[in-house]
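Undergrad: See run.cif below, with mmCIF, C-alpha atoms and all ligand atoms.
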data_model
#
loop_
_atom_site.group_PDB
_atom_site.id
_atom_site.type_symbol
_atom_site.label_atom_id
_atom_site.label_comp_id
_atom_site.auth_asym_id
_atom_site.auth_seq_id
_atom_site.Cartn_x
_atom_site.Cartn_y
_atom_site.Cartn_z
ATOM 1 C CA MET A 1 0.000 0.000 0.000
ATOM 2 C CA PRO A 2 1.251 3.524 -0.707
ATOM 3 C CA ARG A 3 3.154 5.398 1.975
ATOM 4 C CA LEU A 4 2.965 9.172 2.448
ATOM 5 C CA THR A 5 5.618 11.699 3.345
ATOM 6 C CA ALA A 6 5.410 15.439 3.975
ATOM 7 C CA ASP A 7 8.316 17.883 4.187
ATOM 8 C CA VAL A 8 7.306 20.363 6.874
ATOM 9 C CA GLU A 9 10.352 22.518 6.136
ATOM 10 C CA LEU A 10 9.016 23.152 2.632
ATOM 11 C CA CYS A 11 5.361 23.501 3.636
ATOM 12 C CA GLN A 12 4.058 27.059 3.598
ATOM 13 C CA GLY A 13 0.620 26.201 4.963
ATOM 14 C CA TYR A 14 -1.346 27.049 1.841
ATOM 15 C CA GLY A 15 -3.755 24.235 2.623
ATOM 16 C CA ASN A 16 -4.384 23.112 -0.947
ATOM 17 C CA CYS A 17 -3.722 19.529 0.096
ATOM 18 C CA THR A 18 -6.385 19.612 2.790
ATOM 19 C CA THR A 19 -8.970 20.729 0.256
ATOM 20 C CA THR A 20 -8.485 17.654 -1.912
ATOM 21 C CA ALA A 21 -7.721 15.091 0.812
ATOM 22 C CA SER A 22 -8.937 16.329 4.193
ATOM 23 C CA ASP A 23 -8.909 12.764 5.520
ATOM 24 C CA VAL A 24 -5.153 12.556 4.954
ATOM 25 C CA TYR A 25 -3.752 16.071 5.371
ATOM 26 C CA ASP A 26 -4.330 18.779 7.949
ATOM 27 C CA VAL A 27 -2.545 22.031 8.806
ATOM 28 C CA ASP A 28 -1.532 22.645 12.423
ATOM 29 C CA ASP A 29 -1.557 25.895 14.405
ATOM 30 C CA ASP A 30 1.967 26.647 13.206
ATOM 31 C CA GLY A 31 0.815 26.510 9.591
ATOM 32 C CA LYS A 32 2.542 23.236 8.824
ATOM 33 C CA VAL A 33 1.057 20.188 7.178
ATOM 34 C CA VAL A 34 0.231 17.185 9.364
ATOM 35 C CA LEU A 35 -0.203 13.662 8.048
ATOM 36 C CA LEU A 36 -3.373 12.168 9.499
ATOM 37 C CA ARG A 37 -2.412 8.828 7.956
ATOM 38 C CA GLN A 38 0.934 7.549 6.749
ATOM 39 C CA ILE A 39 -0.375 4.545 4.840
ATOM 40 C CA ILE A 40 -3.284 4.744 2.417
ATOM 41 C CA ASP A 41 -5.304 2.194 0.504
ATOM 42 C CA ASP A 42 -4.558 1.704 -3.176
ATOM 43 C CA ALA A 43 -8.084 2.899 -3.897
ATOM 44 C CA ASP A 44 -7.229 6.329 -2.461
ATOM 45 C CA ARG A 45 -3.984 6.726 -4.352
ATOM 46 C CA SER A 46 -5.134 8.761 -7.359
ATOM 47 C CA ARG A 47 -7.045 11.203 -5.183
ATOM 48 C CA VAL A 48 -4.131 11.655 -2.789
ATOM 49 C CA GLU A 49 -1.716 12.056 -5.711
ATOM 50 C CA GLU A 50 -3.983 14.815 -6.987
ATOM 51 C CA ALA A 51 -3.605 16.494 -3.597
ATOM 52 C CA THR A 52 0.192 16.197 -3.774
ATOM 53 C CA ARG A 53 0.159 17.867 -7.193
ATOM 54 C CA SER A 54 -1.866 20.746 -5.770
ATOM 55 C CA CYS A 55 0.954 21.650 -3.369
ATOM 56 C CA PRO A 56 2.719 24.799 -4.647
ATOM 57 C CA VAL A 57 6.012 23.881 -2.991
ATOM 58 C CA ASN A 58 5.999 20.166 -3.845
ATOM 59 C CA ALA A 59 6.260 19.094 -0.217
ATOM 60 C CA LEU A 60 4.172 15.921 -0.477
ATOM 61 C CA ARG A 61 5.033 12.477 -1.759
ATOM 62 C CA VAL A 62 3.196 9.208 -2.379
ATOM 63 C CA LEU A 63 5.722 6.378 -2.277
ATOM 64 C CA ASP A 64 5.597 2.660 -2.885
ATOM 65 C CA ARG A 65 6.558 0.949 0.326
HETATM 66 S S1 LIG B 101 -0.444 22.210 -0.064
HETATM 67 FE FE1 LIG B 101 1.740 22.044 0.404
HETATM 68 S S2 LIG B 101 2.285 24.010 1.285
HETATM 69 FE FE2 LIG B 101 0.053 23.801 1.384
HETATM 70 S S3 LIG B 101 -0.392 22.920 3.404
HETATM 71 FE FE3 LIG B 101 -0.271 21.265 1.945
HETATM 72 S S4 LIG B 101 1.881 20.599 2.078
HETATM 73 FE FE4 LIG B 101 1.774 22.627 2.969
#
In structure tokens, how does this file's structure come out?
TA:
Amino acid sequence: MPRLTADVELCQGYGNCTTTASDVYDVDDDGKVVLLRQIIDDADRSRVEEATRSCPVNALRVLDR
């Protein structure tokens, strides 16, 4: 199953990712992305990849384990 990573150093807190995949990504009080899940089902992959592409600073990854 796909594994998620997020680079909080790159994240600028725009929140685009939370719009597309609010079950996976959140933004904390410091304006940094938080992973709500680190492993996703294959069925969610395309939607989560869409969320990663929406990130202006390319901070999100979907990896094969
Ligand atoms: S879209 Fe990118 S910059 Fe915006 S909150 Fe998500 S990870 Fe951070």
Undergrad: Determine the nearest neighbour of A:Leu4 from the options A:Arg45, A:Arg53, A:Arg61, A:Lys32, counting only C-alpha atoms.
TA: A:Arg61
Undergrad: Find, counting all atoms listed in the file, the residue in A:Ala21, A:Leu35, A:Val48, A:Leu60 that gets nearest to ligand LIG 101 (chain B).
TA: A:Leu60
Undergrad: How would you write, as an MDAnalysis selection string, the set of residues no farther than 12 Å from ligand LIG 101 (chain B) when counting all atoms listed in the file?
TA: chainID A and resid 4:22 24:35 48:61
Undergrad: Those same residues, written as an mmCIF file, in the coordinates of the input with C-alpha atoms?
TA:
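After the write, selection29.cif holds the following:
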data_model
loop_
_atom_site.group_PDB
_atom_site.id
_atom_site.type_symbol
_atom_site.label_atom_id
_atom_site.label_comp_id
_atom_site.auth_asym_id
_atom_site.auth_seq_id
_atom_site.Cartn_x
_atom_site.Cartn_y
_atom_site.Cartn_z
ATOM 1 C CA LEU A 4 2.965 9.172 2.448
ATOM 2 C CA THR A 5 5.618 11.699 3.345
ATOM 3 C CA ALA A 6 5.410 15.439 3.975
ATOM 4 C CA ASP A 7 8.316 17.883 4.187
ATOM 5 C CA VAL A 8 7.306 20.363 6.874
ATOM 6 C CA GLU A 9 10.352 22.518 6.136
ATOM 7 C CA LEU A 10 9.016 23.152 2.632
ATOM 8 C CA CYS A 11 5.361 23.501 3.636
ATOM 9 C CA GLN A 12 4.058 27.059 3.598
ATOM 10 C CA GLY A 13 0.620 26.201 4.963
ATOM 11 C CA TYR A 14 -1.346 27.049 1.841
ATOM 12 C CA GLY A 15 -3.755 24.235 2.623
ATOM 13 C CA ASN A 16 -4.384 23.112 -0.947
ATOM 14 C CA CYS A 17 -3.722 19.529 0.096
ATOM 15 C CA THR A 18 -6.385 19.612 2.790
ATOM 16 C CA THR A 19 -8.970 20.729 0.256
ATOM 17 C CA THR A 20 -8.485 17.654 -1.912
ATOM 18 C CA ALA A 21 -7.721 15.091 0.812
ATOM 19 C CA SER A 22 -8.937 16.329 4.193
ATOM 20 C CA VAL A 24 -5.153 12.556 4.954
ATOM 21 C CA TYR A 25 -3.752 16.071 5.371
ATOM 22 C CA ASP A 26 -4.330 18.779 7.949
ATOM 23 C CA VAL A 27 -2.545 22.031 8.806
ATOM 24 C CA ASP A 28 -1.532 22.645 12.423
ATOM 25 C CA ASP A 29 -1.557 25.895 14.405
ATOM 26 C CA ASP A 30 1.967 26.647 13.206
ATOM 27 C CA GLY A 31 0.815 26.510 9.591
ATOM 28 C CA LYS A 32 2.542 23.236 8.824
ATOM 29 C CA VAL A 33 1.057 20.188 7.178
ATOM 30 C CA VAL A 34 0.231 17.185 9.364
ATOM 31 C CA LEU A 35 -0.203 13.662 8.048
ATOM 32 C CA VAL A 48 -4.131 11.655 -2.789
ATOM 33 C CA GLU A 49 -1.716 12.056 -5.711
ATOM 34 C CA GLU A 50 -3.983 14.815 -6.987
ATOM 35 C CA ALA A 51 -3.605 16.494 -3.597
ATOM 36 C CA THR A 52 0.192 16.197 -3.774
ATOM 37 C CA ARG A 53 0.159 17.867 -7.193
ATOM 38 C CA SER A 54 -1.866 20.746 -5.770
ATOM 39 C CA CYS A 55 0.954 21.650 -3.369
ATOM 40 C CA PRO A 56 2.719 24.799 -4.647
ATOM 41 C CA VAL A 57 6.012 23.881 -2.991
ATOM 42 C CA ASN A 58 5.999 20.166 -3.845
ATOM 43 C CA ALA A 59 6.260 19.094 -0.217
ATOM 44 C CA LEU A 60 4.172 15.921 -0.477
ATOM 45 C CA ARG A 61 5.033 12.477 -1.759
#
Undergrad: Find the residue from A:Arg37, A:Asp23, A:Asp44, A:Arg3 that sits nearest to A:Leu63; use only C-alpha atoms when measuring.
TA: A:Arg3
Undergrad: Adding 6 Å on each side of the box along x, y and z that holds all listed atoms of stretch 13-26 of chain A, could you give its centre and edge lengths in Å to one decimal, as lines of an AutoDock Vina configuration file?
TA:
center_x = -4.2
center_y = 19.8
center_z = 3.0
size_x = 21.6
size_y = 26.5
size_z = 21.9
Undergrad: Applying the PyMOL selection byres (((chain A and resi 1) around 6) and not hetatm) to the file I just gave you, which residues come out? Please list them as a PDB file with C-alpha atoms, in the frame of the given file.
TA:
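The new file selection_29.pdb reads:
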ATOM      1  CA  PRO A   2       1.251   3.524  -0.707  1.00  0.00           C
ATOM      2  CA  ASP A  41      -5.304   2.194   0.504  1.00  0.00           C
ATOM      3  CA  ASP A  42      -4.558   1.704  -3.176  1.00  0.00           C
TER       4      ASP A  42
END
Undergrad: Just chain A from the block, C-alpha atoms, as a CSV table (one decimal), in the first residue's frame, could you?
TA:
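Resulting contents of out_6.csv:
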chain,number,residue,atom,x,y,z
A,1,MET,CA,0.0,0.0,0.0
A,2,PRO,CA,1.3,3.5,-0.7
A,3,ARG,CA,3.2,5.4,2.0
A,4,LEU,CA,3.0,9.2,2.4
A,5,THR,CA,5.6,11.7,3.3
A,6,ALA,CA,5.4,15.4,4.0
A,7,ASP,CA,8.3,17.9,4.2
A,8,VAL,CA,7.3,20.4,6.9
A,9,GLU,CA,10.4,22.5,6.1
A,10,LEU,CA,9.0,23.2,2.6
A,11,CYS,CA,5.4,23.5,3.6
A,12,GLN,CA,4.1,27.1,3.6
A,13,GLY,CA,0.6,26.2,5.0
A,14,TYR,CA,-1.3,27.0,1.8
A,15,GLY,CA,-3.8,24.2,2.6
A,16,ASN,CA,-4.4,23.1,-0.9
A,17,CYS,CA,-3.7,19.5,0.1
A,18,THR,CA,-6.4,19.6,2.8
A,19,THR,CA,-9.0,20.7,0.3
A,20,THR,CA,-8.5,17.7,-1.9
A,21,ALA,CA,-7.7,15.1,0.8
A,22,SER,CA,-8.9,16.3,4.2
A,23,ASP,CA,-8.9,12.8,5.5
A,24,VAL,CA,-5.2,12.6,5.0
A,25,TYR,CA,-3.8,16.1,5.4
A,26,ASP,CA,-4.3,18.8,7.9
A,27,VAL,CA,-2.5,22.0,8.8
A,28,ASP,CA,-1.5,22.6,12.4
A,29,ASP,CA,-1.6,25.9,14.4
A,30,ASP,CA,2.0,26.6,13.2
A,31,GLY,CA,0.8,26.5,9.6
A,32,LYS,CA,2.5,23.2,8.8
A,33,VAL,CA,1.1,20.2,7.2
A,34,VAL,CA,0.2,17.2,9.4
A,35,LEU,CA,-0.2,13.7,8.0
A,36,LEU,CA,-3.4,12.2,9.5
A,37,ARG,CA,-2.4,8.8,8.0
A,38,GLN,CA,0.9,7.5,6.7
A,39,ILE,CA,-0.4,4.5,4.8
A,40,ILE,CA,-3.3,4.7,2.4
A,41,ASP,CA,-5.3,2.2,0.5
A,42,ASP,CA,-4.6,1.7,-3.2
A,43,ALA,CA,-8.1,2.9,-3.9
A,44,ASP,CA,-7.2,6.3,-2.5
A,45,ARG,CA,-4.0,6.7,-4.4
A,46,SER,CA,-5.1,8.8,-7.4
A,47,ARG,CA,-7.0,11.2,-5.2
A,48,VAL,CA,-4.1,11.7,-2.8
A,49,GLU,CA,-1.7,12.1,-5.7
A,50,GLU,CA,-4.0,14.8,-7.0
A,51,ALA,CA,-3.6,16.5,-3.6
A,52,THR,CA,0.2,16.2,-3.8
A,53,ARG,CA,0.2,17.9,-7.2
A,54,SER,CA,-1.9,20.7,-5.8
A,55,CYS,CA,1.0,21.6,-3.4
A,56,PRO,CA,2.7,24.8,-4.6
A,57,VAL,CA,6.0,23.9,-3.0
A,58,ASN,CA,6.0,20.2,-3.8
A,59,ALA,CA,6.3,19.1,-0.2
A,60,LEU,CA,4.2,15.9,-0.5
A,61,ARG,CA,5.0,12.5,-1.8
A,62,VAL,CA,3.2,9.2,-2.4
A,63,LEU,CA,5.7,6.4,-2.3
A,64,ASP,CA,5.6,2.7,-2.9
A,65,ARG,CA,6.6,0.9,0.3
